[in-house]
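Structure below is work_6.txt: compact mmCIF, C-alpha atoms.
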# COMPACT_ATOMS: atom_id res chain seq x y z
CA PHE K 1 4.33 120.19 -14.16
CA PRO K 2 4.92 123.98 -13.80
CA LEU K 3 3.64 125.59 -10.61
CA SER K 4 1.85 128.35 -12.54
CA GLU K 5 -0.16 125.80 -14.51
CA PHE K 6 -0.97 123.92 -11.33
CA LEU K 7 -2.27 127.11 -9.70
CA SER K 8 -4.33 127.90 -12.81
CA VAL K 9 -5.91 124.46 -12.77
CA GLU K 10 -6.56 124.77 -9.04
CA ALA K 11 -8.22 128.15 -9.52
CA LEU K 12 -10.34 126.79 -12.35
CA TRP K 13 -11.40 123.81 -10.25
CA THR K 14 -12.26 126.09 -7.32
CA GLY K 15 -14.41 128.21 -9.65
CA VAL K 16 -16.23 125.17 -11.00
CA CYS K 17 -16.89 123.92 -7.46
CA GLN K 18 -18.21 127.30 -6.38
CA ALA K 19 -20.48 127.49 -9.44
CA ALA K 20 -21.79 124.02 -8.72
CA MET K 21 -22.48 124.97 -5.12
CA GLN K 22 -24.42 128.00 -6.30
CA HIS K 23 -26.67 125.84 -8.44
CA TYR K 24 -26.93 122.97 -5.96
CA PRO K 25 -26.61 124.29 -2.40
CA ALA K 26 -25.34 121.67 0.02
CA ALA K 27 -28.26 122.27 2.37
CA TRP K 28 -30.89 121.77 -0.33
CA GLY K 29 -32.30 118.26 -0.19
CA HIS K 30 -33.55 117.09 -3.57
CA TYR K 31 -35.76 114.32 -2.17
CA ASP K 32 -35.75 112.44 -5.47
CA VAL K 33 -35.15 108.97 -3.97
CA CYS K 34 -37.68 107.14 -1.79
CA LYS K 35 -35.42 104.32 -0.63
CA SER K 36 -31.93 102.92 -1.14
CA GLN K 37 -30.12 99.80 -0.02
CA ILE K 38 -27.44 100.18 2.65
CA TYR K 39 -25.26 97.84 4.68
CA SER K 40 -25.91 97.71 8.40
CA ASP K 41 -25.08 95.37 11.30
CA GLU K 42 -27.94 93.19 10.08
CA GLY K 43 -26.64 93.05 6.51
CA LEU K 44 -28.21 94.64 3.45
CA THR K 45 -31.25 96.68 4.47
CA TRP K 46 -33.49 99.39 3.05
CA ASP K 47 -33.01 103.01 4.06
CA TYR K 48 -36.23 104.98 3.56
CA MET K 49 -36.36 108.70 2.81
CA ALA K 50 -38.91 111.43 2.22
CA CYS K 51 -39.34 111.87 -1.53
CA GLN K 52 -41.19 114.03 -4.04
CA PRO K 53 -41.55 114.22 -7.84
CA GLU K 54 -39.34 116.50 -9.91
CA THR K 55 -40.61 119.94 -10.85
CA ALA K 56 -42.39 119.99 -14.22
CA ASP K 57 -44.31 122.24 -16.58
CA MET K 58 -47.78 121.65 -15.20
CA THR K 59 -49.54 123.26 -18.19
CA GLN K 60 -49.03 119.92 -20.00
CA TYR K 61 -51.65 118.32 -17.78
CA LEU K 62 -54.33 120.95 -17.25
CA LYS K 63 -57.82 121.46 -18.59
CA VAL K 64 -58.76 125.00 -19.58
CA MET K 65 -62.26 126.46 -19.45
CA LEU K 66 -63.37 129.95 -20.50
CA ASP K 67 -66.38 131.81 -19.16
CA PRO K 68 -68.37 133.01 -20.99
CA PRO K 69 -67.86 130.09 -23.40
CA ASN K 70 -68.25 132.26 -26.53
CA ILE K 71 -65.70 134.87 -25.47
CA THR K 72 -63.01 133.69 -27.93
CA CYS K 73 -62.80 135.84 -31.05
CA GLY K 74 -63.55 134.67 -34.60
CA ASN K 75 -67.23 133.71 -34.53
CA PRO K 76 -68.26 135.88 -36.30
CA PRO K 77 -64.92 137.06 -37.80
CA GLU K 78 -63.61 140.38 -36.52
CA THR K 79 -60.92 142.87 -37.46
CA TYR K 80 -58.84 144.40 -34.67
CA CYS K 81 -56.84 147.61 -34.39
CA ALA K 82 -53.54 148.06 -32.59
CA LEU K 83 -53.85 149.60 -29.14
CA GLU K 84 -51.02 152.07 -29.70
CA ASN K 85 -52.18 152.98 -33.23
CA PRO K 86 -55.95 153.11 -33.80
CA TYR K 87 -55.41 153.44 -37.57
CA MET K 88 -53.52 150.13 -37.85
CA CYS K 89 -56.46 147.76 -38.25
CA ASN K 90 -55.11 144.76 -40.12
CA ASN K 91 -55.42 141.99 -37.51
CA GLU K 92 -58.20 139.58 -38.40
CA CYS K 93 -59.64 136.79 -36.25
CA ASP K 94 -61.65 134.07 -37.97
CA ALA K 95 -62.39 130.83 -36.12
CA SER K 96 -63.14 128.98 -39.37
CA THR K 97 -59.61 129.56 -40.75
CA GLU K 98 -56.72 127.86 -38.96
CA GLU K 99 -54.22 130.60 -39.78
CA LEU K 100 -56.53 133.31 -38.40
CA ALA K 101 -58.01 131.45 -35.42
CA HIS K 102 -56.94 132.13 -31.81
CA PRO K 103 -58.29 129.22 -29.69
CA PRO K 104 -57.46 128.79 -25.97
CA GLU K 105 -54.91 126.00 -26.53
CA LEU K 106 -52.54 128.57 -28.07
CA MET K 107 -51.88 129.83 -24.54
CA PHE K 108 -50.01 126.58 -23.88
CA ASP K 109 -48.28 125.70 -27.15
CA ILE K 110 -44.54 125.89 -27.83
CA GLU K 111 -43.26 129.44 -27.70
CA GLY K 112 -40.74 130.93 -30.12
CA ARG K 113 -42.85 130.58 -33.24
CA ASN K 114 -42.94 133.43 -35.72
CA PRO K 115 -45.48 134.90 -35.84
CA THR K 116 -46.39 134.48 -32.17
CA THR K 117 -49.45 132.34 -31.48
CA PHE K 118 -51.99 133.44 -28.88
CA TRP K 119 -55.54 133.17 -27.59
CA GLN K 120 -57.67 136.26 -28.17
CA SER K 121 -60.99 137.43 -26.82
CA THR K 122 -63.74 139.29 -28.62
CA SER K 123 -63.34 143.08 -28.63
CA TRP K 124 -64.97 145.44 -26.15
CA LYS K 125 -67.89 146.05 -28.50
CA ARG K 126 -70.44 146.17 -25.65
CA TYR K 127 -68.76 149.05 -23.84
CA PRO K 128 -69.53 150.46 -21.28
CA LYS K 129 -70.58 147.00 -20.09
CA ALA K 130 -67.46 145.43 -18.58
CA LEU K 131 -65.44 143.00 -20.72
CA LEU K 132 -65.18 140.15 -18.22
CA VAL K 133 -63.41 136.83 -18.83
CA ASN K 134 -62.67 133.95 -16.45
CA ILE K 135 -59.91 131.54 -17.51
CA THR K 136 -59.94 128.44 -15.30
CA LEU K 137 -56.98 126.03 -15.26
CA SER K 138 -57.78 122.78 -13.47
CA TRP K 139 -55.69 119.68 -12.79
CA ASN K 140 -58.06 117.44 -10.82
CA LYS K 141 -54.99 116.85 -8.66
CA THR K 142 -53.26 118.65 -5.83
CA ILE K 143 -50.26 120.61 -7.13
CA GLU K 144 -47.39 122.28 -5.25
CA LEU K 145 -46.10 125.43 -6.95
CA THR K 146 -42.31 125.73 -7.21
CA ASP K 147 -41.78 128.78 -9.44
CA ASP K 148 -43.46 132.02 -10.47
CA ILE K 149 -46.77 131.89 -12.35
CA VAL K 150 -46.16 133.94 -15.51
CA LEU K 151 -48.76 135.21 -18.01
CA THR K 152 -47.62 136.80 -21.28
CA PHE K 153 -50.06 139.23 -22.92
CA GLU K 154 -49.99 140.27 -26.57
CA SER K 155 -52.68 142.95 -26.26
CA GLY K 156 -51.32 145.08 -23.48
CA ARG K 157 -51.56 143.91 -19.90
CA PRO K 158 -55.02 144.22 -18.34
CA GLU K 159 -55.71 147.28 -16.23
CA GLN K 160 -57.61 145.18 -13.70
CA MET K 161 -57.12 141.48 -13.00
CA VAL K 162 -57.38 138.97 -10.16
CA LEU K 163 -55.51 135.68 -9.83
CA GLU K 164 -57.41 133.15 -7.72
CA LYS K 165 -56.70 129.63 -6.43
CA SER K 166 -58.79 126.68 -5.37
CA LEU K 167 -57.87 123.88 -2.98
CA ASP K 168 -61.10 121.93 -3.50
CA TYR K 169 -61.19 121.37 -7.27
CA GLY K 170 -63.01 124.59 -8.09
CA ARG K 171 -65.83 124.36 -5.56
CA SER K 172 -64.56 127.49 -3.79
CA TRP K 173 -62.03 130.17 -4.66
CA GLN K 174 -59.76 132.52 -2.78
CA PRO K 175 -57.67 135.39 -4.15
CA TYR K 176 -53.93 134.96 -4.69
CA GLN K 177 -53.19 138.50 -5.87
CA PHE K 178 -54.90 141.62 -7.26
CA TYR K 179 -53.50 143.61 -10.19
CA ALA K 180 -54.51 147.13 -11.24
CA THR K 181 -53.22 150.41 -12.61
CA ASP K 182 -54.86 151.99 -9.55
CA CYS K 183 -55.35 149.58 -6.63
CA LEU K 184 -57.25 152.04 -4.49
CA ASP K 185 -59.72 152.84 -7.25
CA ALA K 186 -60.17 149.27 -8.48
CA PHE K 187 -60.12 147.23 -5.24
CA THR K 188 -59.91 149.80 -2.39
CA MET K 189 -56.52 148.33 -1.47
CA GLU K 190 -53.22 150.10 -0.86
CA PRO K 191 -50.72 149.19 -3.58
CA LYS K 192 -47.89 146.91 -2.48
CA THR K 193 -45.18 144.75 -4.00
CA VAL K 194 -43.82 141.37 -2.95
CA GLN K 195 -40.77 143.24 -1.58
CA ASP K 196 -43.08 144.76 1.06
CA LEU K 197 -43.82 141.32 2.51
CA THR K 198 -42.03 139.81 5.49
CA GLN K 199 -41.94 136.33 7.01
CA HIS K 200 -44.89 137.36 9.18
CA THR K 201 -46.96 138.85 6.33
CA LEU K 202 -46.06 136.38 3.56
CA LEU K 203 -49.62 135.01 3.46
CA ASP K 204 -51.14 138.48 3.02
CA ILE K 205 -53.11 139.02 -0.18
CA ILE K 206 -51.85 142.19 -1.87
CA CYS K 207 -52.74 144.40 -4.81
CA THR K 208 -49.82 145.38 -7.03
CA GLU K 209 -49.53 148.04 -9.74
CA ASP K 210 -46.25 146.62 -11.09
CA TYR K 211 -47.80 144.65 -13.94
CA SER K 212 -50.66 146.80 -15.22
CA ARG K 213 -49.22 149.44 -17.54
CA GLY K 214 -51.36 149.54 -20.65
CA TYR K 215 -49.11 149.81 -23.68
CA VAL K 216 -47.20 146.87 -25.11
CA TRP K 217 -43.56 147.71 -24.57
CA LYS K 218 -40.89 145.21 -25.51
CA TYR K 219 -40.32 143.94 -21.97
CA ASP K 220 -43.70 144.80 -20.48
CA LYS K 221 -45.85 141.87 -21.60
CA THR K 222 -45.70 139.67 -18.52
CA VAL K 223 -47.78 139.48 -15.37
CA ARG K 224 -46.30 137.46 -12.50
CA PHE K 225 -47.30 135.88 -9.25
CA GLU K 226 -43.96 135.74 -7.44
CA ILE K 227 -43.45 132.33 -5.82
CA LYS K 228 -39.64 132.42 -5.53
CA ASP K 229 -39.58 135.88 -3.94
CA ARG K 230 -41.85 134.48 -1.24
CA PHE K 231 -39.62 131.41 -0.83
CA ALA K 232 -36.67 133.80 -0.43
CA LEU K 233 -38.18 135.30 2.72
CA PHE K 234 -37.14 132.06 4.45
CA ALA K 235 -34.47 130.61 2.14
CA GLY K 236 -32.51 133.79 1.40
CA PRO K 237 -32.15 135.78 -1.86
CA ARG K 238 -30.54 132.91 -3.78
CA LEU K 239 -32.57 130.19 -2.06
CA HIS K 240 -29.40 128.78 -0.48
CA ASN K 241 -31.00 128.15 2.91
CA MET K 242 -33.72 125.76 1.80
CA ALA K 243 -33.50 123.98 5.16
CA SER K 244 -35.15 127.03 6.73
CA LEU K 245 -37.96 126.99 4.15
CA TYR K 246 -38.47 123.23 4.47
CA GLY K 247 -38.62 123.58 8.24
CA GLN K 248 -41.37 126.19 7.90
CA LEU K 249 -43.29 124.10 5.35
CA ASP K 250 -43.08 121.11 7.71
CA THR K 251 -44.43 122.92 10.71
CA THR K 252 -46.79 125.55 9.28
CA LYS K 253 -49.81 124.10 7.49
CA ASN K 254 -51.08 127.51 6.32
CA LEU K 255 -47.75 128.17 4.60
CA ARG K 256 -47.77 124.77 2.93
CA ASP K 257 -51.36 125.29 1.78
CA PHE K 258 -50.51 128.75 0.40
CA PHE K 259 -48.29 127.19 -2.28
CA THR K 260 -50.74 124.32 -2.94
CA ILE K 261 -53.52 124.39 -5.54
CA THR K 262 -55.90 122.14 -7.43
CA ALA K 263 -56.96 124.89 -9.86
CA LEU K 264 -56.17 128.48 -10.84
CA ARG K 265 -58.56 131.12 -12.13
CA ILE K 266 -57.53 134.24 -14.02
CA ARG K 267 -60.23 136.89 -13.82
CA LEU K 268 -59.76 139.55 -16.50
CA LEU K 269 -61.80 142.58 -15.44
CA ARG K 270 -60.66 145.47 -17.65
CA PRO K 271 -58.47 145.37 -20.79
CA ALA K 272 -55.57 147.70 -21.50
CA THR K 273 -56.76 151.08 -22.78
CA GLY K 274 -53.51 153.03 -22.79
CA ALA K 275 -55.34 156.20 -21.74
CA THR K 276 -57.63 157.62 -19.11
CA MET K 277 -60.56 157.62 -21.53
CA VAL K 278 -61.90 154.82 -23.71
CA ASP K 279 -62.17 155.65 -27.42
CA GLU K 280 -65.80 154.71 -27.99
CA ASN K 281 -65.42 155.26 -31.73
CA ASN K 282 -62.84 152.49 -32.04
CA LEU K 283 -63.67 149.73 -29.56
CA SER K 284 -61.85 147.12 -31.68
CA ARG K 285 -58.63 148.36 -30.00
CA TYR K 286 -59.63 146.81 -26.70
CA PHE K 287 -59.46 143.07 -26.06
CA TYR K 288 -57.41 140.43 -24.24
CA ALA K 289 -54.75 138.28 -25.89
CA ILE K 290 -52.50 135.79 -24.07
CA SER K 291 -49.62 134.04 -25.82
CA ASP K 292 -48.24 132.00 -22.92
CA ILE K 293 -49.02 130.81 -19.39
CA LYS K 294 -46.29 129.21 -17.28
CA VAL K 295 -47.10 127.14 -14.18
CA GLN K 296 -44.15 125.23 -12.72
CA GLY K 297 -44.82 122.76 -9.94
CA ARG K 298 -45.01 119.15 -8.91
CA CYS K 299 -47.67 116.67 -7.91
CA LYS K 300 -48.31 116.79 -4.20
CA CYS K 301 -47.58 113.29 -2.91
CA ASN K 302 -47.09 114.09 0.78
CA LEU K 303 -43.39 113.12 0.46
CA HIS K 304 -44.36 109.49 -0.21
CA ALA K 305 -43.58 109.29 -3.97
CA ASN K 306 -40.91 110.48 -6.37
CA SER K 307 -42.92 110.11 -9.57
CA CYS K 308 -46.31 111.12 -10.86
CA VAL K 309 -48.02 109.58 -13.89
CA PHE K 310 -50.53 111.06 -16.31
CA ASP K 311 -52.93 108.33 -17.37
CA LYS K 312 -56.46 108.56 -18.75
CA GLU K 313 -56.35 112.36 -18.56
CA LYS K 314 -55.52 112.24 -14.85
CA LEU K 315 -52.43 112.78 -12.70
CA SER K 316 -51.70 110.47 -9.79
CA CYS K 317 -48.72 109.75 -7.55
CA GLU K 318 -46.90 106.41 -7.75
CA CYS K 319 -46.94 105.91 -4.01
CA GLU K 320 -44.21 104.33 -1.86
CA HIS K 321 -43.92 103.78 1.90
CA ASN K 322 -47.08 101.59 1.91
CA THR K 323 -49.34 104.52 1.05
CA THR K 324 -52.01 104.85 -1.62
CA GLY K 325 -54.42 107.36 -3.15
CA PRO K 326 -53.96 110.15 -5.74
CA ASP K 327 -51.85 112.13 -3.21
CA CYS K 328 -50.57 109.11 -1.21
CA GLY K 329 -52.94 110.41 1.42
CA ARG K 330 -53.83 107.16 3.18
CA CYS K 331 -52.29 103.85 4.24
CA LYS K 332 -52.50 100.82 2.01
CA ARG K 333 -54.90 98.08 3.03
CA ASN K 334 -53.46 95.94 5.82
CA TYR K 335 -50.81 98.61 6.52
CA GLN K 336 -52.75 100.63 9.05
CA GLY K 337 -50.67 99.68 12.07
CA ARG K 338 -50.62 103.38 12.93
CA ALA K 339 -52.38 106.53 11.75
CA TRP K 340 -51.37 107.96 8.36
CA SER K 341 -49.04 110.96 8.30
CA ALA K 342 -47.14 112.84 5.62
CA GLY K 343 -43.40 112.46 5.25
CA SER K 344 -41.15 115.18 6.65
CA TYR K 345 -38.47 117.30 4.97
CA LEU K 346 -36.42 117.18 8.15
CA PRO K 347 -33.73 116.36 8.94
CA ILE K 348 -32.01 117.70 5.82
CA PRO K 349 -31.05 116.23 3.38
CA LYS K 350 -33.04 112.94 3.52
CA GLY K 351 -36.03 113.84 5.66
CA THR K 352 -38.22 111.27 7.39
CA ALA K 353 -40.27 108.80 5.38
CA ASN K 354 -42.81 107.84 8.07
CA ILE K 355 -43.18 104.28 6.79
CA PHE K 356 -46.48 102.51 7.45
CA ARG K 357 -46.28 99.06 8.98
CA PRO K 358 -48.59 96.10 8.51
CA ASN K 359 -51.58 95.63 10.78
CA VAL K 360 -50.61 93.21 13.53
CA SER K 361 -53.86 91.29 13.00
CA SER K 362 -53.23 90.91 9.28
CA LEU K 363 -50.02 89.00 9.98
CA GLY K 364 -51.48 86.71 12.64
CA VAL K 365 -49.36 88.15 15.45
CA ALA K 366 -51.22 87.84 18.73
CA ASN K 367 -49.14 90.26 20.79
CA ARG K 368 -48.50 93.73 19.27
CA LYS K 369 -45.09 93.85 20.97
CA GLU K 370 -44.05 90.77 19.05
CA ALA K 371 -44.48 92.58 15.75
CA ARG K 372 -41.06 93.61 14.46
CA VAL K 373 -40.24 95.02 11.03
CA CYS K 374 -37.89 93.42 8.51
CA ASP K 375 -38.04 95.56 5.35
CA ASN K 376 -39.90 98.28 7.17
CA GLU K 377 -42.62 96.71 5.06
CA LEU K 378 -42.54 93.02 6.10
CA MET K 379 -42.34 91.54 9.60
CA ARG K 380 -39.08 90.03 10.75
CA CYS K 381 -38.67 86.36 9.92
CA GLN K 382 -39.82 83.97 12.66
CA ASN K 383 -38.61 80.58 13.91
CA GLY K 384 -35.00 81.29 13.01
CA GLY K 385 -35.68 82.48 9.47
CA VAL K 386 -33.24 84.91 7.84
CA CYS K 387 -34.35 88.01 5.90
CA ILE K 388 -32.78 87.97 2.42
CA SER K 389 -32.28 91.38 0.81
CA ASN K 390 -35.11 92.61 3.00
CA VAL K 391 -37.70 91.24 0.62
CA ARG K 392 -38.20 87.59 1.67
CA CYS K 393 -37.50 85.13 4.46
CA ASN K 394 -35.16 82.15 4.02
CA CYS K 395 -36.89 79.66 6.30
CA PRO K 396 -35.45 76.65 8.18
CA SER K 397 -36.35 73.34 6.55
CA ALA K 398 -39.17 72.66 9.03
CA TYR K 399 -40.99 75.97 8.45
CA THR K 400 -42.68 77.85 5.63
CA GLY K 401 -44.88 80.92 5.09
CA LEU K 402 -44.20 84.55 4.34
CA LEU K 403 -42.50 85.00 7.72
CA CYS K 404 -41.60 81.34 8.40
CA GLU K 405 -44.56 81.29 10.74
CA LYS K 406 -46.04 77.94 9.61
CA PRO K 407 -44.63 74.48 10.34
CA LEU K 408 -43.98 72.88 6.95
CA CYS K 409 -45.78 69.72 8.04
CA GLU K 410 -49.14 71.51 8.06
CA SER K 411 -49.19 71.48 4.28
CA GLU K 412 -48.03 67.87 3.86
CA LEU K 413 -49.98 64.65 3.52
CA GLY K 414 -50.50 63.28 6.98
CA GLY K 415 -50.21 66.66 8.66
CA CYS K 416 -47.64 67.27 11.33
CA ARG K 417 -46.97 63.55 11.85
CA GLY K 418 -45.59 63.15 8.30
CA ALA K 419 -42.11 61.80 7.62
CA SER K 420 -40.53 65.21 7.11
CA SER K 421 -42.39 66.98 9.84
CA GLY K 422 -39.63 66.72 12.42
CA GLN K 423 -42.03 64.84 14.70
CA ARG K 424 -42.18 61.08 15.28
CA PRO K 425 -44.72 59.61 12.80
CA LEU K 426 -47.60 57.32 13.78
CA ARG K 427 -46.40 53.97 12.39
CA PRO K 428 -48.60 50.86 12.04
CA ALA K 429 -47.89 48.32 14.83
CA SER K 430 -45.92 45.18 13.83
CA SER K 431 -47.64 41.74 13.83
CA PHE K 432 -45.46 40.66 16.78
CA GLY K 433 -46.66 43.63 18.74
CA LEU K 434 -50.27 42.82 17.94
CA LEU K 435 -49.87 39.18 19.12
CA LEU K 436 -48.24 40.39 22.31
CA LEU K 437 -51.08 42.76 23.00
CA LEU K 438 -53.65 40.02 22.27
CA GLY K 439 -51.91 37.63 24.70
CA LEU K 440 -51.86 40.20 27.43
CA ALA K 441 -55.54 40.81 26.90
CA LEU K 442 -56.38 37.07 27.25
CA LEU K 443 -54.52 36.88 30.55
File written out as structure tokens:
Amino acid sequence: FPLSEFLSVEALWTGVCQAAMQHYPAAWGHYDVCKSQIYSDEGLTWDYMACQPETADMTQYLKVMLDPPNITCGNPPETYCALENPYMCNNECDASTEELAHPPELMFDIEGRNPTTFWQSTSWKRYPKALLVNITLSWNKTIELTDDIVLTFESGRPEQMVLEKSLDYGRSWQPYQFYATDCLDAFTMEPKTVQDLTQHTLLDIICTEDYSRGYVWKYDKTVRFEIKDRFALFAGPRLHNMASLYGQLDTTKNLRDFFTITALRIRLLRPATGATMVDENNLSRYFYAISDIKVQGRCKCNLHANSCVFDKEKLSCECEHNTTGPDCGRCKRNYQGRAWSAGSYLPIPKGTANIFRPNVSSLGVANRKEARVCDNELMRCQNGGVCISNVRCNCPSAYTGLLCEKPLCESELGGCRGASSGQRPLRPASSFGLLLLLGLALL
């Protein structure tokens, strides 16, 4: 085997390993497993870990609501002009014709179709009254954001817009970010970018002018809320130091809540005009049109579940660690031996599961100190029983019950004086014994 070929193979292998490390940093815990079986001094046991569902496209599970309800174009049919060319007026919207309709669900369909599909609002025909639209995306479930929120506009990006979030299912709202061509004029805020933020100001709500230019240039259709750039303030530019981010998320509730939502609201306040003055003679140039909304995230399960199911139009965590609830936010019945708490990302890479143990009273244990854990879910076997695969007790012949806590004779005919009870049975006296007793009595 020539040395040159060996060195080439070695270099190739080194490159592959480095590439793999770039995509999967060693310090980044994936937390995709809730428990695994390991061998210990006591035999095969369960090792419990903090766990969370995989990241997913959360737009598959949302409900969308528009306000006002009749803001979608096509009823009655309308003809629209191009923003950059007021004489190109060949775009028709007609809700009664599938090919010409632009309903809200087209914001979430598969991209890459030709022609592009999109939702479209009515035109600014009531100018100078503001063309206001609220687009509410709700999940009826707590969601943790893991990537940038991205909106793609087909009509020119709005000149004024606010992205808002809710943590209480839409009962109250707080701003995530303001967008404007002129932040001072629109919101009396100094313009900033995410690059202006630091670890200490990450939670600041800013107004940015980066995404509000009016004309539709080839690469200027998107509006972003930058999640990963905020992660990078703790995890580094390539997110290689996720341990630092996870440590902050573990210990700083406000930071954790910042990336958590139950609903989003897009408030469109002023459409793209492409100029300082609105052309009042051709208001059909001004409208909103969105072809795509991306929201990447995962169900929040408090690190007690690695999967989330969508059933009956509702998301819910498949809880482990003896927890229950849509977010695994409480202990299961009879497993309230201590107060509920979320799992922990630390120590990397497996975290801490914070398993919930059975109530002592529910297992009939009189003294709390006697309660020991077998599977971290079941008590240790009693009366010499042996825990098999950490899921059941193999009891001695004289005992039964979940934890070998009951003498077998209790369930047998005759009770604990039965033949197999291990205790001497009450036998009927022999006739000789009866005669002897009678004789003694006569004396």
Self-check item: Straight-line distance linking atom CA of K:Thr323 with atom CA of K:Arg298, stated in Å to one decimal
Solution: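 About the pair atom CA of K:Thr323 and atom CA of K:Arg298: they are 18.2 Å apart.
Take atom CA of K:Glu164 and atom CA of K:Ile205: the distance between them is 10.5 Å.
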Quiz item: Can you tell me, as a list in words, what residues are no more than 9 Å from K:Arg285 when counting all atoms listed in the file, ignoring any on the same chain fewer than 6 positions away?
Solution: Tyr80, Cys81, Ala82, Leu83, Glu84, Asn85, Pro86, Cys89, Ser123, Trp124, Ser155, Thr273 and Asp279 of chain K
What are the nearest atom pairs, with distances in Å to one decimal, for all residues of stretch 91-171 of chain K that come at most 9 Å from stretch 38-59 of chain K, using only C-alpha atoms, set out by chain and rising residue number as CSV?
residue,atom,partner,partner_atom,distance
K:Phe108,CA,K:Thr59,CA,6.6
K:Leu137,CA,K:Thr59,CA,8.5
K:Trp139,CA,K:Met58,CA,8.5
K:Ile143,CA,K:Met58,CA,8.5
K:Leu145,CA,K:Thr55,CA,8.7
K:Thr146,CA,K:Thr55,CA,7.0
Quiz prompt | Atom pair atom CA of K:Ser96 / atom CA of K:Thr72: separation (Å) | solution =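 So the answer is 12.4 Å.
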Taking all atoms of stretch 205-210 of chain K that the file lists and extending 3 Å past them on each side, where is the centre of the axis-aligned box and how long are its edges? Answer in Å to one decimal, as lines of an AutoDock Vina configuration file.
center_x = -49.7
center_y = 143.5
center_z = -5.6
size_x = 12.9
size_y = 15.0
size_z = 16.9
Practice problem: Identify, on the basis of only C-alpha atoms, every residue whose closest approach to K:Val223 does not exceed 6 Å; exclude the query and any residue fewer than 5 positions from it along the same chain; express the result as a list in words. | Solution: Val150, Leu151 and Tyr211 of chain K
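Considering the residues K:Cys299, K:Ile293, K:Leu131, K:Leu346 and counting all atoms listed in the file, K:Asp109 has its shortest atom-to-atom contact with K:Ile293.
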Quiz item: Pick from K:Ala398, K:Met65, K:Leu303, K:Ala180: nearest to K:Tyr246, with only C-alpha atoms counted?
Solution: K:Leu303
Quiz prompt | Given all atoms listed in the file as the counted atoms, nearest of K:Met107, K:Leu268, K:Cys73, K:Ile227 to K:Leu132 | solution = K:Leu268
Quiz item: Taking into account only C-alpha atoms, which residue in the set K:Arg270, K:Lys141, K:Lys63, K:Lys228 is nearest to K:Arg157?
Solution: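 So, comparing all the options, the nearest one is K:Arg270.
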Practice problem: Within 12 Å of K:Asp292, counting all atoms listed in the file, which residues show up once you throw out same-chain ones fewer than 2 positions away? Write them as an MDAnalysis selection string, please. | Solution: chainID K and resid 59 104:113 116:120 149:154 221:224 289:290 294:295
Quiz item: Once you count all atoms listed in the file, which residues end up no further than 12 Å from (-66.8, 147.5, -31.9) in the file's frame, shown as a list in words?
Solution: Glu78, Thr79, Tyr80, Cys81, Thr122, Ser123, Trp124, Lys125, Arg126, Tyr127, Pro128, Asp279, Glu280, Asn281, Asn282, Leu283, Ser284, Arg285, Tyr286 and Phe287 of chain K
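Among the candidates K:His102, K:Thr193, K:Pro347, K:Tyr335, the one nearest to K:Ser291 when counting all atoms listed in the file is K:His102.
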Quiz prompt | K:Glu405 surroundings by only C-alpha atoms, 7 Å radius, close-in-sequence under 3 positions cut, as a ChimeraX atom specification | solution = /K:382-383,399-401
Quiz item: For K:Asp204, which residue among K:Leu184, K:Ala272, K:Leu245, K:Leu255 is the nearest when counting only C-alpha atoms?
Solution: K:Leu255
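Near K:Thr260, within 9 Å and counting all atoms listed in the file, sit Thr142, Ile143, Glu144, Leu145, Lys165, Ser166, Leu167 and Lys300 of chain K; same-chain residues fewer than 6 positions away were not included.
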Quick one: write out the picked residues with C-alpha atoms as a short mmCIF file (atom, residue, chain, number, x, y, z; two decimals), in the frame of the given file?
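New file part_38.cif:
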data_model
loop_
_atom_site.label_atom_id
_atom_site.label_comp_id
_atom_site.auth_asym_id
_atom_site.auth_seq_id
_atom_site.Cartn_x
_atom_site.Cartn_y
_atom_site.Cartn_z
CA THR K 142 -53.26 118.65 -5.83
CA ILE K 143 -50.26 120.61 -7.13
CA GLU K 144 -47.39 122.28 -5.25
CA LEU K 145 -46.10 125.43 -6.95
CA LYS K 165 -56.70 129.63 -6.43
CA SER K 166 -58.79 126.68 -5.37
CA LEU K 167 -57.87 123.88 -2.98
CA LYS K 300 -48.31 116.79 -4.20
#
